[in-house]
Structure formats: C-alpha cells, structure tokens
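Here the structure comes first, spelled out in structure tokens, and everything after it is commentary.
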Amino acid sequence: MRVLSILLLLSLSPAAPAAAGTGVPDGMARIPGGRYVPLFLNGRSSVEVRTFALDRLPVTRAEYLAFVRGHPRWQRGRAPRALAGPGYLAAWPGPLAGGGATDLRRPVTEVSWFAARAYCAARGARLPTTDEWEYAALASETRRDASREPAFIARLLELYLARRPVPPVAGSGFRNVHGVRDLHGVVWEWVEDFNSLLVTADSRATSGRDHPLFCAAGVIGATDPNNYPAFLRYGFRAGLEGRSTAGGLGFRCARDL
Amino acid sequence: MRTRVHPIIVALAGALAACGGAGARMAPAAGDSPLAASDFSVHDLEARWRGQDGRERTLASTGGRVRVVAMVYTACTHTCPTIVGEMKRIEAALPAEERGGVGFLLVSLDPARDTPQRLANFAGALGLDSAAWTLLTGDEGAVRELAALLGIRYRAEADAQISHSNTYLVLDAQGRIVHRQEGVGRGTAATLARIRQAAAAD
C-alpha cells in the first residue's frame, strides 16, 4: 500500500521541472554516472557510465511524424530500403499520417536504426549506447540499481510477457528513480551499438563466446544467469540489422551532459 | 519464483530468439536482402574520413571503380592480417589489365588509435600499393554507421583487441554492394567472379 501511494505521488507530481540550470534539456532526465556490471563483461570487471541525459519517454508517433514532415527523405516510401527495411512505418495509414489521437501518443515503432539515429541527430541528440541504456534500466521506482532484487526481475519478466503487439501510449510504464518511464515492458529500444554482439561469421575464435547466447549454454559467461530480462534484450538486439524494423521496436534519445 | 517463470521464459526466448537467432522474426523477405537494396550506395553516406596520406576523403571520393572493402584495425593480431592477405591474393589473381579498375578499401574499426600515420605504416608493412589501396579512419559514429550498412558487427574487448565480423564486400563503381564474403579461407573464386562482372558492367 505504501508503495502504491508513493507511486501515486510520483505519477501525480508535475512533469519534473525541466531541471533549470542543470543543463538537462526538457523532456530528458539526468542519469548520474556510475559503474555497473553488464550481462556480458567481455573480460572487464565492470563498466563505467558517465553522467548523461536520457529521454524520459520513448519517442512517440506524433514526434516522429513531425520529424518526417521536416525531413522528407525519412518518409515512408522515400527512405532507401538499405536504411529502412520494407516494414518501415508500415502500420501508418499514410507517409504523413501516424493514425488517430491515441496512436499518435504511442511510442513510434517500425523504425530502423538508421532512422532512429537520424531523428536523434536532428534533435542534436544521439541514441544511447548499450551500456547507457542498460545502466538506466537497472533502476526501479526507488533504487538506482534494483537488478539483484529477485522481485524486481520477476516483475520485469511479467511486464515483458504481458507486452501487446501494439504498444500502449507513451508514459504507461513505470517511472524509475531517474524519472525515466517505459524502459521495460513497452517496446524494445534501439541502442547506438546494437551491432556489437557477435553471433555469426566472427573473426576471432574467442568471439564465438556469444554464439550460444540463446541456448542453455548461454548463461556461461553471463554475470547474472538469473537476469532473464537482460538475456531477452541482448538476444533481441543480436538479431537486428541496421535497417531492421519491428512492430515492438522503438527508441529514445540520449545526450552527453 | 524462478521455477515458475523459467519455462515461460524459455518459451518466449524460443519464440523471440531461438538458437538460430532473433533475426528470424524480422528476417527480410527473400529478394530483399541488403545486397538487392540497390537503391542506396555507400557513396550517399556523408561522413568524412582521412586517408593514409592524411587527406580528407568521403566514400564517394573512392568511387568510380569497383572496390573490395573490409573493416579492420592496425593493432589487430588475429584475423585482420588474414583478411588483408586474402584481399591481396584477390588483387594478385586479377589479370594485369583489369587490376587498375579495382580498388581495395580498408576502413579502421579503431579510429581512436588508427591515425593516418598508423594507417600509412600498416600499408607500408604489408606492401599495399597506394594506387590500389585506400585506408580510411573516421569518427566513431561514422564507423558504426558504415558497419551497420555493411552488416559488420564489432565490439571492443578488454584486451585492446576488437572482435569483428570476418567479412569483406565488393562495391561496384557506384558504391552499391554487389557481393558479400562471410569468413576468410573459403576461397576467392566467387569474389573474383563478382569483381570482374562488376568491373565489366561499369
């Protein structure tokens, strides 16, 4: 009950005052830097993440629609297939129509990495790195790192399993301690270095270490074999190409601070 | 909790990302591979690079001839020398009169360390003829973008090495991908055939 009222309070509190004077742009949250232990260490003991800003919400269809209006080369039917696969914005009623009022509030999906990157660049931002995204996603409503709390991990799994083909409107997911929403259970999200996980045609014998990632043996080499949600995220990214699109794949932007 | 959740996850992971790879769900339809995506050329990438001579280049500025391209790094002690070696064998296998129509492009995966000078030293050590071979270094974002376009995965390792896909590709004179070779040591016949075909079409 107490947790509930805290949640209620958090959700009712006015949109965090755009952190005047801290240099954090509107709509973004400051993620204080620190060290974390990623699912795959690749020989490191932990990874340092520098303080950065991350969008509080995933990019919505309305925001993406405004972008393609201003950047015609990213409109459906105009974007080169090599940069945006055949499913690019396929569910939109038209190249300049993102759907009804509710649809426009949903996270934009069916966008390729190239497109997501172009959107962020147009805003003077960039995609978060895998480490930045995973670091921000460790947080629960109350703790910066809840990744070793079995109840938190179990909850994330339930959120992942409950996902719908059409995502709910942006902001439906829980708000973590940084003030960032929807990192879990709403859409998968692009990261800048999505293509850093080696699964095929590897150049080094040792890089085959990721290959059994999706098999039972994949837990070998992982820092926390109980973190199934993280396995799912890494597994999903490993299957992506830069031009891939999917109905459950969106993005948000980040910036250096 | 764990025993309750585990089977569901195995099922979900199976659907999403079975051992064959998560790509299955998003696998492009046949005939729509990036190779067929001829509506785009690497020449359309706007990123600026530096060559081994220190001069600023774009990928378009390396065009006008067929090119064999790989992404490597000079501190590589594993397969990069093998990839370059295979590209050199391709160069040597081309009939002398066709050789001038084919360029060889090595783009660094390690822009922080690979200065133009280091690229020049690397080219010198391996005896790469600068008329045929262009070595490029750029910024991190440009490297990530080109790698994504070429379908090359890479990652820095703790030991200062960079794991990367063992891939090289053939670009036609206009910068379109016309062939992709996954893995070295599998023979050069297919690549040579595509190079000569692309050069003849030009």
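Note on naming: chains are A, B, ... as they come in the structure tokens, residues start from 1 per chain, ligands start from 1 in the order shown.
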Next item on the list: For range 63-67 of chain B, list every protein, DNA or RNA residue within 8 Å, evaluated using only C-alpha atoms, and leave out those in the same chain fewer than 4 positions away; present the list as a ChimeraX atom specification.
Entry: /B:43,59,101-105,170-175,195,198-199,202
Margin query: Using DSSP secondary structure from the backbone, list all alpha helix (DSSP H) positions within range 120-179 of chain B, as a list in words.
Written below: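 Listing alpha helix (DSSP H) positions across range 120-179 of chain B yields Ala120, Asn121, Phe122, Ala123, Gly124, Ala125, Glu140, Gly141, Ala142, Val143, Arg144, Glu145, Leu146, Ala147, Ala148, Leu149 and Leu150 of chain B.
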Could you please take those selected residues and save C-alpha atoms as a short mmCIF file (atom, residue, chain, number, x, y, z; two decimals), in the first residue's frame?
```
data_model
loop_
_atom_site.label_atom_id
_atom_site.label_comp_id
_atom_site.auth_asym_id
_atom_site.auth_seq_id
_atom_site.Cartn_x
_atom_site.Cartn_y
_atom_site.Cartn_z
CA ALA B 120 50.43 4.52 -43.66
CA ASN B 121 52.79 2.40 -41.57
CA PHE B 122 50.41 -0.54 -41.77
CA ALA B 123 50.13 -0.17 -45.55
CA GLY B 124 53.91 0.02 -45.81
CA ALA B 125 54.49 -3.03 -43.63
CA GLU B 140 33.24 6.63 -34.05
CA GLY B 141 29.75 7.42 -35.33
CA ALA B 142 30.86 7.15 -38.95
CA VAL B 143 32.46 3.78 -38.26
CA ARG B 144 29.31 2.50 -36.53
CA GLU B 145 27.15 3.72 -39.40
CA LEU B 146 29.26 2.16 -42.13
CA ALA B 147 29.49 -1.10 -40.19
CA ALA B 148 25.71 -1.18 -39.82
CA LEU B 149 25.28 -0.61 -43.53
CA LEU B 150 27.81 -3.28 -44.46
#
```
Per residue of range 140-168 of chain B within 8 Å of range 27-43 of chain A, what are the shortest atom pair and its distance in Å to one decimal, counting only C-alpha atoms, with rows by chain and residue number, as CSV?
```
residue,atom,partner,partner_atom,distance
B:Glu157,CA,A:Asn42,CA,6.0
B:Ala158,CA,A:Gly43,CA,5.2
B:Asp159,CA,A:Gly43,CA,7.5
```
Checklist line | Nearest candidate to chain B (options A:Arg78, A:Arg143, A:Arg56, A:His71; using only C-alpha atoms) | finding: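 Closest to chain B of all the choices is A:Arg78.
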Margin query: To test your reading of the structure, identify every residue in range 57-134 of chain B that backbone DSSP assigns to strand (DSSP E), and report it as a PyMOL selection string.
Written below: chain B and resi 57+66-72+102-108+133-134
Check: What is the CA of Pro225 in chain A to CA of Asp145 in chain A distance in Å?
Finding: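 About the pair CA of Pro225 in chain A and CA of Asp145 in chain A: they are 16.8 Å apart.
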Check: Using only C-alpha atoms, which residues sit within 6 Å of Val107 in chain B once same-chain residues fewer than 3 positions away are excluded, as a list of chain:residue names?
Finding: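 Answer for this query is B:Met71, B:Leu135, B:Leu136.
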Restrict the selected residues to C-alpha atoms and save them as a PDB file, in the first residue's frame.
```
ATOM      1  CA  MET B  71      36.786  -3.101 -41.822  1.00  0.00           C
ATOM      2  CA  LEU B 135      42.993   3.113 -45.849  1.00  0.00           C
ATOM      3  CA  LEU B 136      40.479   5.284 -44.010  1.00  0.00           C
TER       4      LEU B 136
END
```
Check: Which residues come within 12 Å of Arg180 in chain B, counting only C-alpha atoms, excluding same-chain residues fewer than 4 positions away, as JSON, numbers by chain?
Finding: {"A": [201], "B": [33, 34, 35, 36, 67, 68, 69, 70, 150, 151, 152, 165, 166, 167, 168, 169, 170, 171, 172, 176, 184, 188, 190, 191, 192, 194, 195]}
Let me see the file: selected residues, N, CA and C atoms, as a PDB file, in the first residue's frame.
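Once everything was written out, this is part-v7.pdb:
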```pdb
ATOM      1  N   ALA A 201      29.703 -15.466 -38.179  1.00  0.00           N
ATOM      2  CA  ALA A 201      30.820 -15.062 -39.028  1.00  0.00           C
ATOM      3  C   ALA A 201      31.864 -14.268 -38.251  1.00  0.00           C
TER       4      ALA A 201
ATOM      5  N   SER B  33      17.266  -8.787 -49.650  1.00  0.00           N
ATOM      6  CA  SER B  33      18.482  -8.710 -48.852  1.00  0.00           C
ATOM      7  C   SER B  33      19.145  -7.376 -49.140  1.00  0.00           C
ATOM      8  N   PRO B  34      20.019  -6.936 -48.221  1.00  0.00           N
ATOM      9  CA  PRO B  34      20.704  -5.671 -48.458  1.00  0.00           C
ATOM     10  C   PRO B  34      21.436  -5.681 -49.795  1.00  0.00           C
ATOM     11  N   LEU B  35      21.823  -6.879 -50.220  1.00  0.00           N
ATOM     12  CA  LEU B  35      22.545  -6.968 -51.491  1.00  0.00           C
ATOM     13  C   LEU B  35      21.668  -6.495 -52.641  1.00  0.00           C
ATOM     14  N   ALA B  36      20.368  -6.763 -52.485  1.00  0.00           N
ATOM     15  CA  ALA B  36      19.456  -6.380 -53.557  1.00  0.00           C
ATOM     16  C   ALA B  36      18.991  -4.933 -53.392  1.00  0.00           C
ATOM     17  N   ARG B  67      35.389  -1.742 -55.880  1.00  0.00           N
ATOM     18  CA  ARG B  67      36.253  -1.836 -54.703  1.00  0.00           C
ATOM     19  C   ARG B  67      35.934  -3.053 -53.845  1.00  0.00           C
ATOM     20  N   VAL B  68      36.979  -3.591 -53.277  1.00  0.00           N
ATOM     21  CA  VAL B  68      36.824  -4.628 -52.258  1.00  0.00           C
ATOM     22  C   VAL B  68      37.035  -3.915 -50.931  1.00  0.00           C
ATOM     23  N   VAL B  69      36.073  -4.057 -50.023  1.00  0.00           N
ATOM     24  CA  VAL B  69      36.149  -3.288 -48.778  1.00  0.00           C
ATOM     25  C   VAL B  69      36.074  -4.196 -47.557  1.00  0.00           C
ATOM     26  N   ALA B  70      36.902  -3.882 -46.570  1.00  0.00           N
ATOM     27  CA  ALA B  70      36.854  -4.597 -45.296  1.00  0.00           C
ATOM     28  C   ALA B  70      37.040  -3.586 -44.180  1.00  0.00           C
ATOM     29  N   LEU B 150      27.127  -2.134 -43.843  1.00  0.00           N
ATOM     30  CA  LEU B 150      27.807  -3.283 -44.457  1.00  0.00           C
ATOM     31  C   LEU B 150      27.473  -4.587 -43.731  1.00  0.00           C
ATOM     32  N   GLY B 151      26.729  -4.489 -42.626  1.00  0.00           N
ATOM     33  CA  GLY B 151      26.385  -5.696 -41.875  1.00  0.00           C
ATOM     34  C   GLY B 151      27.579  -6.274 -41.133  1.00  0.00           C
ATOM     35  N   ILE B 152      28.429  -5.406 -40.645  1.00  0.00           N
ATOM     36  CA  ILE B 152      29.612  -5.842 -39.890  1.00  0.00           C
ATOM     37  C   ILE B 152      29.392  -5.517 -38.414  1.00  0.00           C
ATOM     38  N   SER B 165      33.136  -8.995 -37.267  1.00  0.00           N
ATOM     39  CA  SER B 165      32.735  -9.950 -38.286  1.00  0.00           C
ATOM     40  C   SER B 165      33.875 -10.115 -39.274  1.00  0.00           C
ATOM     41  N   ASN B 166      34.009 -11.310 -39.715  1.00  0.00           N
ATOM     42  CA  ASN B 166      35.094 -11.651 -40.619  1.00  0.00           C
ATOM     43  C   ASN B 166      34.570 -11.557 -42.052  1.00  0.00           C
ATOM     44  N   THR B 167      34.327 -10.338 -42.465  1.00  0.00           N
ATOM     45  CA  THR B 167      33.575 -10.128 -43.702  1.00  0.00           C
ATOM     46  C   THR B 167      34.284  -9.143 -44.601  1.00  0.00           C
ATOM     47  N   TYR B 168      34.258  -9.393 -45.890  1.00  0.00           N
ATOM     48  CA  TYR B 168      34.601  -8.323 -46.820  1.00  0.00           C
ATOM     49  C   TYR B 168      33.574  -8.298 -47.939  1.00  0.00           C
ATOM     50  N   LEU B 169      33.477  -7.157 -48.580  1.00  0.00           N
ATOM     51  CA  LEU B 169      32.416  -6.963 -49.564  1.00  0.00           C
ATOM     52  C   LEU B 169      32.976  -6.381 -50.847  1.00  0.00           C
ATOM     53  N   VAL B 170      32.201  -6.510 -51.898  1.00  0.00           N
ATOM     54  CA  VAL B 170      32.556  -5.874 -53.165  1.00  0.00           C
ATOM     55  C   VAL B 170      31.531  -4.774 -53.438  1.00  0.00           C
ATOM     56  N   LEU B 171      32.034  -3.572 -53.714  1.00  0.00           N
ATOM     57  CA  LEU B 171      31.183  -2.449 -54.111  1.00  0.00           C
ATOM     58  C   LEU B 171      31.403  -2.210 -55.593  1.00  0.00           C
ATOM     59  N   ASP B 172      30.330  -1.883 -56.291  1.00  0.00           N
ATOM     60  CA  ASP B 172      30.539  -1.519 -57.691  1.00  0.00           C
ATOM     61  C   ASP B 172      31.009  -0.064 -57.768  1.00  0.00           C
ATOM     62  N   ARG B 176      27.428   0.549 -54.750  1.00  0.00           N
ATOM     63  CA  ARG B 176      26.414  -0.415 -54.321  1.00  0.00           C
ATOM     64  C   ARG B 176      27.076  -1.745 -53.961  1.00  0.00           C
ATOM     65  N   VAL B 184      36.903 -15.754 -43.979  1.00  0.00           N
ATOM     66  CA  VAL B 184      38.043 -15.911 -44.881  1.00  0.00           C
ATOM     67  C   VAL B 184      38.406 -17.387 -44.972  1.00  0.00           C
ATOM     68  N   THR B 188      38.424 -17.635 -53.060  1.00  0.00           N
ATOM     69  CA  THR B 188      38.220 -16.293 -53.584  1.00  0.00           C
ATOM     70  C   THR B 188      37.516 -16.307 -54.942  1.00  0.00           C
ATOM     71  N   ALA B 190      34.418 -16.913 -55.969  1.00  0.00           N
ATOM     72  CA  ALA B 190      33.130 -16.214 -56.089  1.00  0.00           C
ATOM     73  C   ALA B 190      33.353 -14.701 -56.071  1.00  0.00           C
ATOM     74  N   THR B 191      34.234 -14.268 -55.188  1.00  0.00           N
ATOM     75  CA  THR B 191      34.506 -12.832 -55.086  1.00  0.00           C
ATOM     76  C   THR B 191      35.131 -12.324 -56.375  1.00  0.00           C
ATOM     77  N   LEU B 192      36.113 -13.083 -56.881  1.00  0.00           N
ATOM     78  CA  LEU B 192      36.771 -12.662 -58.125  1.00  0.00           C
ATOM     79  C   LEU B 192      35.772 -12.559 -59.274  1.00  0.00           C
ATOM     80  N   ARG B 194      32.598 -11.913 -59.096  1.00  0.00           N
ATOM     81  CA  ARG B 194      31.739 -10.729 -58.925  1.00  0.00           C
ATOM     82  C   ARG B 194      32.510  -9.449 -59.228  1.00  0.00           C
ATOM     83  N   ILE B 195      33.760  -9.410 -58.853  1.00  0.00           N
ATOM     84  CA  ILE B 195      34.572  -8.226 -59.145  1.00  0.00           C
ATOM     85  C   ILE B 195      34.664  -8.017 -60.653  1.00  0.00           C
TER      86      ILE B 195
END
```
Find the spatial neighbours of Arg76 in chain A, counting only C-alpha atoms, within a cut-off of 12 Å - ignore same-chain residues fewer than 2 positions away - and output them as a short mmCIF file (atom, residue, chain, number, x, y, z; two decimals) with C-alpha atoms, in the first residue's frame.
```cif
data_model
loop_
_atom_site.label_atom_id
_atom_site.label_comp_id
_atom_site.auth_asym_id
_atom_site.auth_seq_id
_atom_site.Cartn_x
_atom_site.Cartn_y
_atom_site.Cartn_z
CA TYR A 64 8.29 11.10 -35.32
CA LEU A 65 5.59 12.42 -37.65
CA VAL A 68 9.40 13.13 -41.20
CA ARG A 69 7.44 16.25 -42.17
CA HIS A 71 12.88 15.52 -43.23
CA PRO A 72 11.15 14.13 -46.33
CA ARG A 73 13.94 11.67 -47.03
CA TRP A 74 12.76 9.73 -43.97
CA ARG A 78 11.24 7.71 -49.74
CA ALA A 79 13.72 6.27 -47.25
CA PRO A 80 16.18 4.00 -49.03
CA ARG A 81 15.49 0.31 -48.39
CA LEU A 83 18.45 2.20 -44.46
CA ALA A 84 14.86 1.31 -43.61
CA GLY A 85 13.53 -2.15 -44.40
CA PRO A 86 10.20 -2.98 -46.03
CA GLY A 87 8.35 -2.77 -42.70
CA TYR A 88 9.32 0.85 -42.12
CA LEU A 89 6.30 2.68 -40.62
CA ALA A 90 4.16 0.04 -42.31
CA ALA A 91 1.27 0.40 -39.86
CA TRP A 92 0.87 4.11 -40.52
CA PRO A 93 -2.22 5.00 -42.55
CA GLY A 94 -0.04 7.14 -44.81
CA PRO A 95 3.50 8.51 -45.10
CA LEU A 96 2.35 11.69 -43.35
CA ALA A 97 -0.38 10.14 -41.23
CA GLY A 98 0.50 8.43 -37.98
CA GLU A 110 8.73 0.06 -37.12
CA VAL A 111 11.70 2.39 -37.34
CA SER A 112 15.17 1.27 -38.38
CA ALA A 115 16.05 6.29 -39.00
#
```
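Checking A:Ala122, A:Val187, A:Ala62, A:Ala154 one by one against chain B, counting only C-alpha atoms, you find the shortest gap at A:Ala154.
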